[in-house]
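Colleague: Structure file my_file-v4.pdb (PDB, C-alpha atoms, pLDDT in the B column) right here:
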ATOM      1  CA  MET R  30     -32.219  38.649  -0.520  1.00 94.00           C
ATOM      2  CA  ILE R  31     -35.170  40.690   0.665  1.00 96.00           C
ATOM      3  CA  ILE R  32     -35.398  42.050   4.184  1.00 97.00           C
ATOM      4  CA  SER R  33     -38.976  42.780   5.258  1.00 95.00           C
ATOM      5  CA  PHE R  34     -39.263  45.444   7.940  1.00 96.00           C
ATOM      6  CA  GLN R  35     -42.688  45.544   9.610  1.00 94.00           C
ATOM      7  CA  HIS R  36     -43.313  49.089  10.826  1.00 91.00           C
ATOM      8  CA  ASP R  37     -45.833  49.990  13.500  1.00 86.00           C
ATOM      9  CA  GLY R  38     -49.261  49.576  11.934  1.00 82.00           C
ATOM     10  CA  ASP R  39     -49.679  47.746   8.637  1.00 81.00           C
ATOM     11  CA  ALA R  40     -46.773  49.154   6.602  1.00 92.00           C
ATOM     12  CA  THR R  41     -44.049  46.716   5.568  1.00 93.00           C
ATOM     13  CA  GLU R  42     -40.873  47.976   3.966  1.00 95.00           C
ATOM     14  CA  GLN R  43     -38.994  45.691   1.545  1.00 96.00           C
ATOM     15  CA  LEU R  44     -35.220  46.163   1.336  1.00 97.00           C
ATOM     16  CA  SER R  45     -33.354  44.170  -1.304  1.00 96.00           C
ATOM     17  CA  THR R  46     -29.660  43.401  -1.011  1.00 96.00           C
ATOM     18  CA  ASP R  47     -29.642  43.542  -4.816  1.00 95.00           C
ATOM     19  CA  ASP R  48     -30.053  47.323  -4.448  1.00 97.00           C
ATOM     20  CA  LEU R  49     -26.854  47.737  -2.415  1.00 97.00           C
ATOM     21  CA  THR R  50     -23.791  49.317  -3.932  1.00 97.00           C
ATOM     22  CA  ALA R  51     -20.459  47.495  -3.667  1.00 97.00           C
ATOM     23  CA  ARG R  52     -19.303  50.137  -1.183  1.00 97.00           C
ATOM     24  CA  GLU R  53     -22.427  49.623   0.961  1.00 98.00           C
ATOM     25  CA  ALA R  54     -21.859  45.855   0.966  1.00 97.00           C
ATOM     26  CA  ALA R  55     -18.256  46.466   2.035  1.00 97.00           C
ATOM     27  CA  ASP R  56     -19.477  48.772   4.824  1.00 97.00           C
ATOM     28  CA  ILE R  57     -21.808  46.008   6.047  1.00 98.00           C
ATOM     29  CA  GLU R  58     -18.863  43.575   5.980  1.00 97.00           C
ATOM     30  CA  ALA R  59     -16.796  46.035   8.050  1.00 97.00           C
ATOM     31  CA  ALA R  60     -19.654  46.625  10.501  1.00 97.00           C
ATOM     32  CA  MET R  61     -19.921  42.847  10.897  1.00 96.00           C
ATOM     33  CA  GLY R  62     -16.276  42.575  11.945  1.00 96.00           C
ATOM     34  CA  GLY R  63     -14.851  41.888   8.500  1.00 95.00           C
ATOM     35  CA  ALA R  64     -17.168  39.004   7.622  1.00 94.00           C
ATOM     36  CA  GLN R  65     -17.202  38.116   3.938  1.00 96.00           C
ATOM     37  CA  TRP R  66     -20.449  38.832   2.042  1.00 95.00           C
ATOM     38  CA  GLN R  67     -21.169  35.123   1.559  1.00 93.00           C
ATOM     39  CA  ARG R  68     -21.089  34.676   5.355  1.00 95.00           C
ATOM     40  CA  ILE R  69     -23.416  37.659   5.798  1.00 96.00           C
ATOM     41  CA  GLU R  70     -25.893  36.126   3.334  1.00 93.00           C
ATOM     42  CA  SER R  71     -25.778  32.893   5.328  1.00 92.00           C
ATOM     43  CA  LEU R  72     -26.404  34.822   8.542  1.00 96.00           C
ATOM     44  CA  LEU R  73     -29.345  36.608   6.913  1.00 96.00           C
ATOM     45  CA  GLN R  74     -30.850  33.239   5.970  1.00 92.00           C
ATOM     46  CA  LEU R  75     -30.492  32.232   9.622  1.00 94.00           C
ATOM     47  CA  GLN R  76     -32.339  35.452  10.628  1.00 96.00           C
ATOM     48  CA  ASP R  77     -29.275  36.687  12.534  1.00 97.00           C
ATOM     49  CA  PRO R  78     -30.200  39.956  14.293  1.00 97.00           C
ATOM     50  CA  THR R  79     -26.870  41.677  13.664  1.00 97.00           C
ATOM     51  CA  ALA R  80     -26.897  40.882   9.938  1.00 97.00           C
ATOM     52  CA  LEU R  81     -30.538  41.989   9.608  1.00 98.00           C
ATOM     53  CA  ARG R  82     -29.800  45.192  11.514  1.00 97.00           C
ATOM     54  CA  ALA R  83     -26.750  45.881   9.322  1.00 98.00           C
ATOM     55  CA  VAL R  84     -28.800  45.767   6.121  1.00 98.00           C
ATOM     56  CA  VAL R  85     -31.480  48.076   7.514  1.00 98.00           C
ATOM     57  CA  TRP R  86     -28.773  50.384   8.890  1.00 98.00           C
ATOM     58  CA  ILE R  87     -27.066  50.744   5.516  1.00 98.00           C
ATOM     59  CA  PHE R  88     -30.359  51.752   3.881  1.00 98.00           C
ATOM     60  CA  ARG R  89     -31.056  54.253   6.690  1.00 97.00           C
ATOM     61  CA  ARG R  90     -27.567  55.676   6.286  1.00 97.00           C
ATOM     62  CA  ARG R  91     -28.508  56.772   2.759  1.00 97.00           C
ATOM     63  CA  GLU R  92     -30.803  59.343   4.377  1.00 96.00           C
ATOM     64  CA  GLN R  93     -28.696  60.005   7.472  1.00 96.00           C
ATOM     65  CA  ALA R  94     -25.026  59.908   6.415  1.00 95.00           C
ATOM     66  CA  ASP R  95     -23.625  60.204   9.952  1.00 96.00           C
ATOM     67  CA  LEU R  96     -25.638  57.241  11.341  1.00 97.00           C
ATOM     68  CA  LYS R  97     -23.227  54.881  13.088  1.00 97.00           C
ATOM     69  CA  PHE R  98     -23.873  51.135  13.156  1.00 97.00           C
ATOM     70  CA  GLU R  99     -23.174  50.870  16.878  1.00 96.00           C
ATOM     71  CA  ASP R 100     -25.853  53.537  17.548  1.00 96.00           C
ATOM     72  CA  PHE R 101     -28.517  51.935  15.333  1.00 97.00           C
ATOM     73  CA  ASP R 102     -31.054  49.526  16.827  1.00 96.00           C
ATOM     74  CA  ILE R 103     -34.425  48.009  15.961  1.00 95.00           C
ATOM     75  CA  PRO R 104     -36.651  47.328  18.967  1.00 95.00           C
ATOM     76  CA  GLY R 105     -38.720  44.185  18.553  1.00 94.00           C
ATOM     77  CA  TRP R 106     -36.459  42.965  15.740  1.00 95.00           C
ATOM     78  CA  ARG R 107     -37.629  39.350  16.018  1.00 94.00           C
ATOM     79  CA  ARG R 108     -41.211  40.170  15.044  1.00 93.00           C
ATOM     80  CA  ARG R 109     -40.362  43.076  12.742  1.00 94.00           C
ATOM     81  CA  LEU R 110     -37.525  41.759  10.549  1.00 96.00           C
ATOM     82  CA  LYS R 111     -37.462  38.762   8.213  1.00 96.00           C
ATOM     83  CA  ALA R 112     -34.986  37.815   5.500  1.00 96.00           C
ATOM     84  CA  ARG R 113     -36.384  36.019   2.461  1.00 94.00           C
ATOM     85  CA  ILE R 114     -34.752  34.749  -0.707  1.00 91.00           C
ATOM     86  CA  THR R 115     -35.768  35.689  -4.238  1.00 90.00           C
ATOM     87  CA  ARG R 116     -36.577  33.407  -7.162  1.00 89.00           C
ATOM     88  CA  ALA R 117     -33.117  34.026  -8.644  1.00 90.00           C
ATOM     89  CA  GLU R 118     -31.523  32.878  -5.382  1.00 89.00           C
ATOM     90  CA  ILE R 119     -33.770  29.801  -5.325  1.00 88.00           C
ATOM     91  CA  GLU R 120     -32.741  28.987  -8.902  1.00 88.00           C
ATOM     92  CA  ASP R 121     -29.059  29.440  -8.012  1.00 87.00           C
ATOM     93  CA  ALA R 122     -29.379  27.146  -4.986  1.00 82.00           C
ATOM     94  CA  LEU R 123     -31.141  24.438  -6.983  1.00 83.00           C
ATOM     95  CA  THR R 124     -28.707  24.718  -9.899  1.00 82.00           C
ATOM     96  CA  ASN R 125     -25.716  24.453  -7.559  1.00 78.00           C
ATOM     97  CA  LEU R 126     -27.288  21.474  -5.826  1.00 77.00           C
ATOM     98  CA  MET R 127     -27.907  19.739  -9.159  1.00 76.00           C
ATOM     99  CA  LEU R 128     -24.325  20.339 -10.281  1.00 73.00           C
ATOM    100  CA  GLN R 129     -23.014  18.859  -7.043  1.00 72.00           C
ATOM    101  CA  ALA R 130     -25.416  15.917  -7.081  1.00 67.00           C
ATOM    102  CA  ILE R 131     -25.254  15.039 -10.765  1.00 63.00           C
ATOM    103  CA  SER R 132     -22.241  12.771 -10.319  1.00 55.00           C
ATOM    104  CA  SER R 133     -23.913  10.887  -7.474  1.00 60.00           C
ATOM    105  CA  LYS R 134     -27.193  10.530  -9.401  1.00 62.00           C
ATOM    106  CA  GLY R 135     -29.043  11.456  -6.227  1.00 67.00           C
ATOM    107  CA  GLU R 136     -30.124  14.924  -7.271  1.00 68.00           C
ATOM    108  CA  ASP R 137     -33.878  14.274  -6.842  1.00 74.00           C
ATOM    109  CA  THR R 138     -33.331  13.115  -3.259  1.00 76.00           C
ATOM    110  CA  GLN R 139     -31.107  16.073  -2.468  1.00 76.00           C
ATOM    111  CA  ILE R 140     -33.550  18.506  -4.048  1.00 79.00           C
ATOM    112  CA  ASP R 141     -36.389  16.921  -2.043  1.00 81.00           C
ATOM    113  CA  LEU R 142     -34.362  17.560   1.112  1.00 79.00           C
ATOM    114  CA  LEU R 143     -33.627  21.186   0.185  1.00 80.00           C
ATOM    115  CA  THR R 144     -37.038  22.338  -1.087  1.00 85.00           C
ATOM    116  CA  PRO R 145     -38.775  22.632   2.325  1.00 86.00           C
ATOM    117  CA  HIS R 146     -35.970  24.941   3.453  1.00 84.00           C
ATOM    118  CA  LEU R 147     -36.210  26.979   0.243  1.00 88.00           C
ATOM    119  CA  ARG R 148     -39.992  27.293   0.634  1.00 89.00           C
ATOM    120  CA  LYS R 149     -39.540  28.576   4.180  1.00 87.00           C
ATOM    121  CA  LEU R 150     -36.996  31.187   3.084  1.00 86.00           C
ATOM    122  CA  ALA R 151     -38.691  32.190  -0.171  1.00 89.00           C
ATOM    123  CA  ALA R 152     -40.330  35.580  -0.464  1.00 88.00           C
ATOM    124  CA  ASP R 153     -42.916  33.715  -2.575  1.00 90.00           C
ATOM    125  CA  PRO R 154     -42.968  29.932  -1.920  1.00 88.00           C
ATOM    126  CA  ALA R 155     -44.463  29.363  -5.405  1.00 89.00           C
ATOM    127  CA  ASP R 156     -41.096  30.521  -6.802  1.00 90.00           C
ATOM    128  CA  VAL R 157     -39.646  27.182  -5.675  1.00 89.00           C
ATOM    129  CA  ASP R 158     -42.019  25.270  -7.981  1.00 88.00           C
ATOM    130  CA  THR R 159     -41.272  27.694 -10.828  1.00 89.00           C
ATOM    131  CA  ALA R 160     -37.532  27.202 -10.323  1.00 87.00           C
ATOM    132  CA  LEU R 161     -37.983  23.415 -10.251  1.00 86.00           C
ATOM    133  CA  ASP R 162     -39.913  23.610 -13.530  1.00 86.00           C
ATOM    134  CA  GLY R 163     -37.133  25.715 -15.040  1.00 85.00           C
ATOM    135  CA  LEU R 164     -34.561  23.077 -14.110  1.00 78.00           C
ATOM    136  CA  GLY R 165     -36.636  20.268 -15.570  1.00 81.00           C
ATOM    137  CA  LYS R 166     -37.474  19.029 -12.079  1.00 79.00           C
ATOM    138  CA  GLY R 167     -41.139  20.064 -11.988  1.00 79.00           C
ATOM    139  CA  HIS R 168     -42.064  16.441 -11.309  1.00 77.00           C
ATOM    140  CA  LEU R 169     -40.671  16.892  -7.789  1.00 74.00           C
ATOM    141  CA  ALA R 170     -43.147  19.699  -7.054  1.00 71.00           C
ATOM    142  CA  LYS R 171     -45.949  17.633  -8.617  1.00 61.00           C
ATOM    143  CA  ARG R 172     -44.934  14.589  -6.543  1.00 54.00           C
ATOM    144  CA  ARG R 173     -45.070  16.696  -3.356  1.00 55.00           C
ATOM    145  CA  GLN R 174     -48.562  18.025  -4.262  1.00 54.00           C
ATOM    146  CA  ASP R 175     -49.815  14.510  -5.096  1.00 52.00           C
ATOM    147  CA  SER R 176     -48.621  13.209  -1.725  1.00 53.00           C
ATOM    148  CA  LYS R 177     -50.717  15.870   0.058  1.00 57.00           C
ATOM    149  CA  ASP R 178     -53.957  14.642  -1.568  1.00 45.00           C
TER     150      ASP R 178
END
Mind converting the file's structure to structure tokens?
Modeller:
Amino acid sequence: MIISFQHDGDATEQLSTDDLTAREAADIEAAMGGAQWQRIESLLQLQDPTALRAVVWIFRRREQADLKFEDFDIPGWRRRLKARITRAEIEDALTNLMLQAISSKGEDTQIDLLTPHLRKLAADPADVDTALDGLGKGHLAKRRQDSKD
């Protein structure tokens, strides 16, 4: 997951949860009251302010070791912070959906329902089409483009 932090002016900082150490992830879990990492990722997708702040805090703590979570804040967080998913996370979501749906033979319908959400969360919305192609479901992206014409 990528957290975009819009600084004053035009600078945008990109912080990837893939760059966290296991200890840093555990510190975020502790700061979030013992929440499991999977729950934190879900909260990030929901743009939860505490989860977003925790990720930025852990990166800031690399430079300022004594920085306490309860003392760290981000004014204007709603306009300055955004969590976005990467292509690998899109591929994982689509693969998991296909595995769940394969027995019901309704995978195309379920993927159609999920793709707008993935596009909204994606750091690059074109990654959704690439992931669909990789799963052999590129016809779903093509069908969506054809319906726009």
Colleague: Could you produce a table of the residues of range 36-74 of chain R lying within 9 Å of range 104-121 of chain R, with the nearest pair of atoms per residue and their separation in Å rounded to one decimal, using only C-alpha atoms, ordered by chain and increasing residue number, as a Markdown table?
Modeller:
| residue | atom | partner | partner_atom | distance |
| --- | --- | --- | --- | --- |
| R:His36 | CA | R:Arg109 | CA | 7.0 |
| R:Asp37 | CA | R:Arg109 | CA | 8.8 |
| R:Thr41 | CA | R:Arg109 | CA | 8.8 |
| R:Leu73 | CA | R:Ala112 | CA | 5.9 |
| R:Gln74 | CA | R:Ala112 | CA | 6.2 |
Colleague: Since I can't run it myself right now, could you work out what the PyMOL selection byres ((chain R and resi 53) around 12) selects here and report it as a PDB file with C-alpha atoms, keeping the file's coordinate frame?
Modeller:
ATOM      1  CA  THR R  46     -29.660  43.401  -1.011  1.00 96.00           C
ATOM      2  CA  ASP R  47     -29.642  43.542  -4.816  1.00 95.00           C
ATOM      3  CA  ASP R  48     -30.053  47.323  -4.448  1.00 97.00           C
ATOM      4  CA  LEU R  49     -26.854  47.737  -2.415  1.00 97.00           C
ATOM      5  CA  THR R  50     -23.791  49.317  -3.932  1.00 97.00           C
ATOM      6  CA  ALA R  51     -20.459  47.495  -3.667  1.00 97.00           C
ATOM      7  CA  ARG R  52     -19.303  50.137  -1.183  1.00 97.00           C
ATOM      8  CA  ALA R  54     -21.859  45.855   0.966  1.00 97.00           C
ATOM      9  CA  ALA R  55     -18.256  46.466   2.035  1.00 97.00           C
ATOM     10  CA  ASP R  56     -19.477  48.772   4.824  1.00 97.00           C
ATOM     11  CA  ILE R  57     -21.808  46.008   6.047  1.00 98.00           C
ATOM     12  CA  GLU R  58     -18.863  43.575   5.980  1.00 97.00           C
ATOM     13  CA  ALA R  59     -16.796  46.035   8.050  1.00 97.00           C
ATOM     14  CA  ALA R  60     -19.654  46.625  10.501  1.00 97.00           C
ATOM     15  CA  TRP R  66     -20.449  38.832   2.042  1.00 95.00           C
ATOM     16  CA  ALA R  83     -26.750  45.881   9.322  1.00 98.00           C
ATOM     17  CA  VAL R  84     -28.800  45.767   6.121  1.00 98.00           C
ATOM     18  CA  VAL R  85     -31.480  48.076   7.514  1.00 98.00           C
ATOM     19  CA  TRP R  86     -28.773  50.384   8.890  1.00 98.00           C
ATOM     20  CA  ILE R  87     -27.066  50.744   5.516  1.00 98.00           C
ATOM     21  CA  PHE R  88     -30.359  51.752   3.881  1.00 98.00           C
ATOM     22  CA  ARG R  89     -31.056  54.253   6.690  1.00 97.00           C
ATOM     23  CA  ARG R  90     -27.567  55.676   6.286  1.00 97.00           C
ATOM     24  CA  ARG R  91     -28.508  56.772   2.759  1.00 97.00           C
ATOM     25  CA  ALA R  94     -25.026  59.908   6.415  1.00 95.00           C
TER      26      ALA R  94
END
Colleague: Using all atoms listed in the file, which residue out of R:Arg82, R:Gly63, R:Leu128, R:Leu123 lies closest to Thr159 in chain R?
Modeller: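 Between R:Arg82, R:Gly63, R:Leu128, R:Leu123, the residue approaching Thr159 in chain R most closely is R:Leu123.
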Colleague: Find, counting all atoms listed in the file, the residue in R:Ala122, R:Leu169, R:Leu164, R:Leu44 that gets nearest to Asp141 in chain R.
Modeller: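 Closest to Asp141 in chain R, using all atoms listed in the file: R:Leu169.
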Colleague: Provide the CA of Asp137 in chain R to CA of Glu70 in chain R distance in Å, to one decimal place.
Modeller: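 Here the two named atoms are 25.4 Å from each other.
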Colleague: How many Å lie between CA of Asp153 in chain R and CA of Gln139 in chain R, rounded to one decimal?
Modeller: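 If I compute the distance from CA of Asp153 in chain R to CA of Gln139 in chain R, I get 21.2 Å.
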Colleague: Between CA of Gln76 in chain R and CA of Phe98 in chain R, what is the spacing in Å?
Modeller: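 These atoms are spaced 18.0 Å apart.
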Colleague: Would you give the centre and edge lengths, in Å to one decimal, of a box along x, y and z around the listed atoms of range 73-82 of chain R, with 8 Å added to each side, as lines of an AutoDock Vina configuration file?
Modeller:
center_x = -29.6
center_y = 38.7
center_z = 10.1
size_x = 21.5
size_y = 29.0
size_z = 24.3
Colleague: Could you write out as a compact mmCIF listing (two decimals) with C-alpha atoms, keeping the file's coordinate frame the residues that the PyMOL selection byres ((chain R and resi 43) around 7) matches in the shown file?
Modeller:
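File written: part_19.txt
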# COMPACT_ATOMS: atom_id res chain seq x y z
CA ILE R 31 -35.17 40.69 0.66
CA ILE R 32 -35.40 42.05 4.18
CA SER R 33 -38.98 42.78 5.26
CA PHE R 34 -39.26 45.44 7.94
CA THR R 41 -44.05 46.72 5.57
CA GLU R 42 -40.87 47.98 3.97
CA LEU R 44 -35.22 46.16 1.34
CA SER R 45 -33.35 44.17 -1.30
Colleague: Would you mind telling me which residue in R:Leu161, R:Arg68, R:Asp95, R:Asp156 lies nearest to Ile140 in chain R when using all atoms listed in the file?
Modeller: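 Using all atoms listed in the file, Ile140 in chain R sits closest to R:Leu161.
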Colleague: Out of R:Thr124, R:Thr144, R:Gln65, R:Ser71, which residue has the shortest atom-to-atom distance to Gly165 in chain R when counting all atoms listed in the file?
Modeller: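 Checking each of R:Thr124, R:Thr144, R:Gln65, R:Ser71 against Gly165 in chain R, counting all atoms listed in the file, the winner is R:Thr124.
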